[in-house]
>>> print(open('start-v5.cif').read())   # mmCIF, C-alpha atoms
data_entry
loop_
_atom_site.label_atom_id
_atom_site.label_comp_id
_atom_site.auth_asym_id
_atom_site.auth_seq_id
_atom_site.Cartn_x
_atom_site.Cartn_y
_atom_site.Cartn_z
CA MET A 25 -65.34 64.36 -22.69
CA VAL A 26 -61.97 64.48 -21.27
CA SER A 27 -60.44 61.22 -20.21
CA SER A 28 -58.05 61.29 -17.33
CA GLN A 29 -55.13 58.92 -16.91
CA ARG A 30 -53.61 58.25 -13.50
CA ARG A 31 -49.88 57.89 -13.56
CA CYS A 32 -47.92 56.03 -10.96
CA PRO A 33 -45.37 58.29 -9.43
CA SER A 34 -41.84 57.49 -10.53
CA ILE A 35 -39.57 56.07 -7.83
CA GLY A 36 -36.56 57.59 -9.45
CA ALA A 37 -33.00 56.36 -9.43
CA THR A 38 -32.61 56.80 -5.68
CA GLY A 39 -35.66 54.68 -4.88
CA ALA A 40 -34.56 51.90 -7.22
CA ALA A 41 -31.20 51.80 -5.54
CA VAL A 42 -32.81 51.53 -2.11
CA ILE A 43 -35.06 48.65 -3.21
CA GLY A 44 -32.08 46.89 -4.81
CA VAL A 45 -30.08 47.16 -1.62
CA CYS A 46 -32.99 45.81 0.42
CA VAL A 47 -33.42 42.81 -1.90
CA VAL A 48 -29.71 42.02 -1.77
CA ALA A 49 -29.77 42.34 2.01
CA VAL A 50 -32.69 39.91 2.31
CA ILE A 51 -30.99 37.38 0.01
CA SER A 52 -27.74 37.72 1.95
CA MET A 53 -29.54 37.12 5.23
CA CYS A 54 -31.16 33.97 3.83
CA ILE A 55 -27.82 32.65 2.59
CA ALA A 56 -26.16 33.41 5.93
CA LEU A 57 -28.96 31.63 7.79
CA ALA A 58 -28.63 28.58 5.55
CA VAL A 59 -24.87 28.50 6.08
CA CYS A 60 -25.29 28.77 9.85
CA LEU A 61 -27.80 25.94 9.91
CA THR A 62 -25.48 23.75 7.83
CA VAL A 63 -22.37 24.48 9.87
CA ASN A 64 -24.05 24.05 13.24
CA ARG A 65 -25.83 20.82 12.32
CA ASN A 66 -24.73 17.94 14.52
CA PRO A 67 -22.41 15.49 12.67
CA PRO A 68 -23.68 11.98 11.92
CA GLN A 69 -23.14 9.54 14.77
CA ASP A 70 -20.71 7.32 12.82
CA SER A 71 -18.38 10.24 12.09
CA ALA A 72 -17.85 11.08 15.75
CA PRO A 73 -14.20 10.72 16.79
CA LYS A 74 -13.35 7.50 18.57
CA PRO A 75 -11.58 7.59 21.94
CA ALA A 76 -7.80 7.63 21.81
CA PHE A 77 -6.07 4.30 22.41
CA GLU A 78 -2.40 3.50 22.84
CA THR A 79 -0.62 0.97 20.63
CA ASP A 80 0.51 -1.02 23.67
CA GLY A 81 -3.00 -1.18 25.12
CA ASP A 82 -5.10 -4.25 25.89
CA LEU A 83 -6.70 -5.60 22.70
CA LEU A 84 -9.77 -6.91 24.53
CA GLU A 85 -10.30 -3.57 26.25
CA TYR A 86 -10.04 -1.81 22.89
CA LEU A 87 -12.62 -4.07 21.24
CA LEU A 88 -14.88 -3.73 24.27
CA ASN A 89 -14.70 0.07 23.99
CA LEU A 90 -15.58 -0.16 20.29
CA GLY A 91 -18.58 -2.35 21.06
CA SER A 92 -17.15 -5.18 18.94
CA ILE A 93 -17.35 -7.58 21.91
CA ASP A 94 -19.55 -7.50 24.99
CA ARG A 95 -17.02 -8.93 27.46
CA LYS A 96 -13.28 -9.48 27.71
CA ASP A 97 -13.11 -12.95 26.20
CA GLY A 98 -10.45 -13.79 23.62
CA LEU A 99 -12.72 -16.38 22.02
CA LEU A 100 -14.95 -13.55 20.79
CA VAL A 101 -12.18 -11.92 18.76
CA THR A 102 -12.25 -12.55 15.02
CA TRP A 103 -9.11 -12.42 12.88
CA TYR A 104 -8.33 -12.03 9.19
CA HIS A 105 -5.13 -13.89 8.33
CA SER A 106 -2.72 -13.13 5.49
CA ALA A 107 -4.16 -9.74 4.60
CA ASN A 108 -1.13 -9.14 2.40
CA LYS A 109 -1.79 -8.42 -1.27
CA LYS A 110 -3.90 -5.40 -2.15
CA SER A 111 -6.85 -7.61 -3.08
CA GLU A 112 -6.54 -9.54 0.19
CA LEU A 113 -6.30 -6.33 2.18
CA ALA A 114 -9.38 -4.91 0.44
CA ALA A 115 -11.34 -8.06 1.28
CA SER A 116 -10.18 -7.96 4.90
CA LEU A 117 -11.28 -4.35 5.33
CA LYS A 118 -14.76 -5.22 4.06
CA SER A 119 -14.99 -8.21 6.38
CA ASP A 120 -16.32 -8.35 9.94
CA ALA A 121 -12.89 -9.36 11.26
CA MET A 122 -11.79 -7.29 14.24
CA VAL A 123 -8.03 -7.72 13.83
CA LEU A 124 -5.89 -7.88 10.70
CA GLU A 125 -2.91 -10.21 10.66
CA ALA A 126 -0.40 -9.61 7.88
CA ASP A 127 3.06 -10.91 7.02
CA VAL A 128 6.06 -8.62 6.57
CA ASN A 129 9.08 -9.68 4.55
CA ILE A 130 11.82 -7.90 2.67
CA GLU A 131 11.53 -7.47 -1.09
CA GLY A 132 13.49 -10.12 -2.97
CA HIS A 133 14.53 -11.80 0.27
CA ASN A 134 17.78 -13.77 -0.06
CA THR A 135 18.15 -13.09 -3.78
CA ARG A 136 20.47 -10.77 -5.68
CA ASN A 137 17.45 -8.50 -6.19
CA GLU A 138 16.96 -8.05 -2.44
CA THR A 139 16.21 -4.51 -1.26
CA ASP A 140 15.57 -3.00 2.16
CA LYS A 141 11.91 -2.34 1.28
CA PRO A 142 9.40 -4.08 3.59
CA ILE A 143 6.61 -5.76 1.65
CA MET A 144 3.51 -7.74 2.59
CA ALA A 145 4.21 -11.36 1.68
CA HIS A 146 4.35 -14.80 3.28
CA PRO A 147 7.27 -17.07 2.33
CA PRO A 148 8.02 -18.52 -0.11
CA THR A 149 6.60 -15.38 -1.76
CA ILE A 150 9.24 -12.63 -1.80
CA TYR A 151 7.52 -10.05 -4.01
CA SER A 152 4.22 -8.25 -3.55
CA ASP A 153 2.02 -5.55 -5.06
CA ASN A 154 1.72 -4.08 -1.55
CA SER A 155 4.52 -2.43 0.39
CA PHE A 156 4.28 -2.14 4.15
CA GLN A 157 4.06 1.65 3.83
CA GLU A 158 1.08 1.39 1.48
CA TRP A 159 -0.56 -1.28 3.64
CA LEU A 160 -0.24 0.81 6.79
CA ASP A 161 -1.61 3.95 5.14
CA VAL A 162 -4.70 2.14 3.84
CA VAL A 163 -5.45 0.40 7.15
CA LEU A 164 -5.12 3.56 9.23
CA ASN A 165 -7.17 5.65 6.80
CA SER A 166 -10.06 3.25 6.33
CA SER A 167 -10.64 1.15 9.45
CA SER A 168 -10.41 0.86 13.22
CA LYS A 169 -9.30 -2.78 13.13
CA GLY A 170 -6.47 -3.97 15.35
CA ILE A 171 -3.11 -4.77 13.76
CA LYS A 172 -0.85 -7.80 14.10
CA LEU A 173 2.35 -7.79 12.04
CA ASP A 174 4.07 -11.14 11.56
CA PHE A 175 7.74 -10.65 10.68
CA LYS A 176 9.14 -13.38 8.45
CA SER A 177 12.68 -12.04 8.24
CA ILE A 178 14.84 -10.16 10.70
CA LYS A 179 15.88 -7.93 7.80
CA ALA A 180 12.34 -6.57 7.56
CA VAL A 181 12.09 -5.57 11.22
CA GLY A 182 14.28 -2.44 11.37
CA PRO A 183 12.92 -0.74 8.22
CA SER A 184 9.33 -1.56 9.22
CA LEU A 185 9.76 -0.13 12.71
CA ASP A 186 11.22 3.03 11.17
CA ILE A 187 8.07 3.36 9.04
CA LEU A 188 5.88 2.81 12.10
CA LEU A 189 7.81 5.40 14.08
CA LYS A 190 7.56 8.01 11.33
CA LYS A 191 3.85 7.34 10.85
CA SER A 192 3.22 7.62 14.58
CA SER A 193 4.88 11.05 14.57
CA GLU A 194 2.41 12.18 11.88
CA VAL A 195 -0.85 10.61 13.07
CA LYS A 196 -2.02 8.68 16.09
CA LEU A 197 -2.37 4.98 15.29
CA ASN A 198 -5.16 4.82 17.89
CA ARG A 199 -5.39 1.01 18.12
CA PRO A 200 -3.52 -1.98 19.58
CA LEU A 201 -0.41 -3.07 17.70
CA TRP A 202 0.98 -6.59 18.02
CA LEU A 203 4.47 -7.38 16.71
CA ASN A 204 4.95 -11.08 16.06
CA ALA A 205 7.84 -13.38 15.20
CA ASP A 206 8.66 -17.05 15.68
CA ILE A 207 11.86 -16.65 17.68
CA LEU A 208 12.50 -20.25 18.80
CA MET A 209 12.70 -23.61 17.10
CA GLY A 210 9.63 -25.70 17.90
CA PRO A 211 8.22 -29.20 17.34
CA ASN A 212 8.98 -31.30 14.25
CA VAL A 213 11.06 -28.64 12.49
CA PRO A 214 14.17 -30.12 10.81
CA ILE A 215 15.85 -26.78 10.04
CA ASN A 216 15.97 -23.74 12.27
CA THR A 217 14.22 -20.86 10.47
CA ALA A 218 13.39 -18.83 13.58
CA VAL A 219 13.85 -15.06 13.59
CA ASN A 220 16.86 -14.03 15.67
CA ALA A 221 15.33 -13.50 19.11
CA SER A 222 17.86 -11.13 20.67
CA LEU A 223 18.05 -8.89 17.59
CA PHE A 224 14.26 -8.83 17.13
CA LEU A 225 13.64 -7.81 20.72
CA SER A 226 16.48 -5.28 20.85
CA LEU A 227 15.19 -3.55 17.69
CA ILE A 228 11.72 -3.28 19.22
CA GLN A 229 13.04 -1.88 22.51
CA GLU A 230 15.13 0.64 20.59
CA LYS A 231 12.68 1.75 17.91
CA TYR A 232 9.08 0.94 18.85
CA PRO A 233 8.58 -0.41 22.38
CA ASN A 234 4.93 0.69 22.66
CA CYS A 235 3.41 -2.54 21.45
CA THR A 236 2.26 -6.00 22.49
CA LEU A 237 4.76 -8.74 21.70
CA SER A 238 3.60 -11.96 20.09
CA LEU A 239 6.41 -14.50 20.37
CA GLY A 240 6.21 -18.05 19.12
CA TRP A 241 7.99 -21.18 17.99
CA THR A 242 8.49 -22.46 14.45
CA THR A 243 6.43 -25.64 14.07
CA LEU A 244 5.60 -28.33 11.54
CA TYR A 245 2.58 -30.60 11.60
CA LEU A 246 2.01 -33.40 9.10
CA PHE A 247 -1.39 -35.06 9.07
CA LEU A 248 -1.27 -38.88 9.43
CA PHE A 249 2.40 -38.74 10.43
CA PRO A 250 3.82 -39.03 13.95
CA ASN A 251 4.10 -35.55 15.43
CA LYS A 252 5.77 -34.37 18.60
CA THR A 253 4.48 -31.49 20.68
CA TYR A 254 6.00 -28.61 22.64
CA THR A 255 8.43 -29.79 25.30
CA GLN A 256 9.08 -28.41 28.76
CA LYS A 257 12.54 -27.34 27.60
CA MET A 258 11.04 -25.28 24.75
CA ILE A 259 8.64 -23.54 27.12
CA GLN A 260 11.31 -22.81 29.73
CA LYS A 261 13.61 -21.36 27.09
CA MET A 262 10.85 -18.98 26.00
CA HIS A 263 10.33 -17.91 29.59
CA SER A 264 14.04 -17.19 29.99
CA ILE A 265 13.74 -14.75 27.06
CA VAL A 266 10.48 -12.98 27.89
CA GLY A 267 10.56 -12.99 31.69
CA THR A 268 12.00 -9.48 32.05
CA LEU A 269 10.39 -7.78 29.05
CA PRO A 270 8.32 -4.66 29.86
CA GLN A 271 5.64 -5.32 27.22
CA ARG A 272 2.54 -7.46 27.28
CA VAL A 273 3.44 -10.83 25.75
CA THR A 274 1.23 -13.33 23.94
CA PHE A 275 2.24 -16.77 22.66
CA PRO A 276 0.94 -17.94 19.28
CA VAL A 277 0.84 -21.75 19.26
CA ARG A 278 -0.30 -24.49 16.91
CA ALA A 279 -3.68 -25.48 18.35
CA VAL A 280 -3.49 -29.17 17.44
CA MET A 281 -0.39 -29.51 19.64
CA VAL A 282 -1.56 -27.61 22.70
CA ARG A 283 -3.55 -30.25 24.60
CA LEU A 284 -0.66 -32.63 25.20
CA ALA A 285 1.62 -29.75 26.16
CA TRP A 286 -0.90 -27.91 28.32
CA PRO A 287 0.90 -28.52 31.65
CA HIS A 288 3.93 -26.69 30.23
CA PHE A 289 1.87 -23.77 28.91
CA SER A 290 -0.06 -23.55 32.15
CA TRP A 291 3.24 -23.20 33.99
CA LEU A 292 4.37 -20.49 31.55
CA LEU A 293 1.21 -18.43 31.96
CA ALA A 294 1.41 -18.73 35.73
CA GLN A 295 4.80 -16.99 35.77
CA SER A 296 3.30 -13.55 35.11
CA ASP A 297 0.12 -11.57 35.67
CA ARG A 298 0.54 -9.64 32.41
#
>>> encode(input="start-v5.cif", output="structure tokens")
Amino acid sequence: MVSSQRRCPSIGATGAAVIGVCVVAVISMCIALAVCLTVNRNPPQDSAPKPAFETDGDLLEYLLNLGSIDRKDGLLVTWYHSANKKSELAASLKSDAMVLEADVNIEGHNTRNETDKPIMAHPPTIYSDNSFQEWLDVVLNSSSKGIKLDFKSIKAVGPSLDILLKKSSEVKLNRPLWLNADILMGPNVPINTAVNASLFLSLIQEKYPNCTLSLGWTTLYLFLFPNKTYTQKMIQKMHSIVGTLPQRVTFPVRAVMVRLAWPHFSWLLAQSDR
């Protein structure tokens, strides 16, 4: 009895090569399809670019566009004050505050160690772990919060505006920017510590005019002691300074003193539709 064995025909080297090419082609097509699906997938909603906004724009309009407020009412705006040190800045960025207010001074102000480096510090503090350059980089890279810079020394203004100008040439700040200083002597202050008004305003017009100005008075309030309030003369002097400025102007005031001086402030606000 003869047994027969059936042999599968050999595909040979040429056939193996053809099959190998086909397998590689199929794998390549799958990879390409996966890549296409990944690339063409719509980005998450929260990563969509926000509309451009100028630094001299209306803060309320900006917050309305972001959906942070539902109407143009300043009472709805929330602020984080003294976001200066790195730990304070980190806390402010995690908060629900819509606008960051921070104080800018010069390192070692009025000491023999004074430099021209702007730092984030409120007097009497004259040193900080946070430079203005570092502060600005972090805020722009990690949030859409508005910015208010409170200048505590005229020496800090020029170098800070140079940093702002350079940064604006590299990236769009894309948010309202308020530049603040107490430029006039106000109620109950025994010594004039106001920032030089003419120099402050001329530096802004020269270096960074695209902003909102926040111009105030130095004040002192002592609980349980007799306190005066803003006078008509103080208000009229402010108007003589700001009346011809091209920027939007806001006036930071000490709330406890406003009621008795309201007729003067009402007159001031009535002088302009800005």
>>> axis_aligned_box(input="start-v5.cif", around="stretch 125-134 of chain A", padding_each_side="4 Å", output="JSON")
{"center_x": 7.4, "center_y": -10.6, "center_z": 3.8, "size_x": 28.7, "size_y": 14.3, "size_z": 21.6}
>>> resolve_selection(input="start-v5.cif", expression="the PyMOL selection byres ((chain A and resi 150-163) around 10)", output="ChimeraX atom specification")
/A:107-111,113-114,116-117,124,126-135,138,141-149,164-171,173,180,183-184,187-188,191,197
>>> residues_around(input="start-v5.cif", residues="A:Val181", least_positions_apart="3", cutoff="10 Å", atoms="all atoms listed in the file", output="count of residues only")
21
>>> closest_residue(input="start-v5.cif", among="A:Phe275, A:Tyr245, A:Tyr232, A:Tyr86", to="A:Ser290", atoms="all atoms listed in the file")
A:Phe275
>>> atom_distance(input="start-v5.cif", atom1="atom CA of A:Thr253", atom2="atom CA of A:Ser238")
19.6 Å
>>> residues_around(input="start-v5.cif", residues="A:Thr255", least_positions_apart="4", cutoff="9 Å", atoms="all atoms listed in the file", output="CSV table (one decimal) with C-alpha atoms, in the coordinates of the input")
chain,number,residue,atom,x,y,z
A,210,GLY,CA,9.6,-25.7,17.9
A,211,PRO,CA,8.2,-29.2,17.3
A,259,ILE,CA,8.6,-23.5,27.1
A,260,GLN,CA,11.3,-22.8,29.7
A,285,ALA,CA,1.6,-29.8,26.2
A,288,HIS,CA,3.9,-26.7,30.2
>>> residues_near_point(input="start-v5.cif", point="(-11.2, -7.5, 27.8)", cutoff="8 Å", atoms="all atoms listed in the file", output="ChimeraX atom specification")
/A:82-88,95-98
>>> write_last_selection(input="start-v5.cif", atoms="C-alpha atoms", output="PDB file, in the coordinates of the input")
ATOM      1  CA  ASP A  82      -5.100  -4.250  25.890  1.00  0.00           C
ATOM      2  CA  LEU A  83      -6.700  -5.600  22.700  1.00  0.00           C
ATOM      3  CA  LEU A  84      -9.770  -6.910  24.530  1.00  0.00           C
ATOM      4  CA  GLU A  85     -10.300  -3.570  26.250  1.00  0.00           C
ATOM      5  CA  TYR A  86     -10.040  -1.810  22.890  1.00  0.00           C
ATOM      6  CA  LEU A  87     -12.620  -4.070  21.240  1.00  0.00           C
ATOM      7  CA  LEU A  88     -14.880  -3.730  24.270  1.00  0.00           C
ATOM      8  CA  ARG A  95     -17.020  -8.930  27.460  1.00  0.00           C
ATOM      9  CA  LYS A  96     -13.280  -9.480  27.710  1.00  0.00           C
ATOM     10  CA  ASP A  97     -13.110 -12.950  26.200  1.00  0.00           C
ATOM     11  CA  GLY A  98     -10.450 -13.790  23.620  1.00  0.00           C
TER      12      GLY A  98
END
>>> residues_around(input="start-v5.cif", residues="A:Thr268", least_positions_apart="3", cutoff="12 Å", atoms="only C-alpha atoms", output="count of residues only")
11
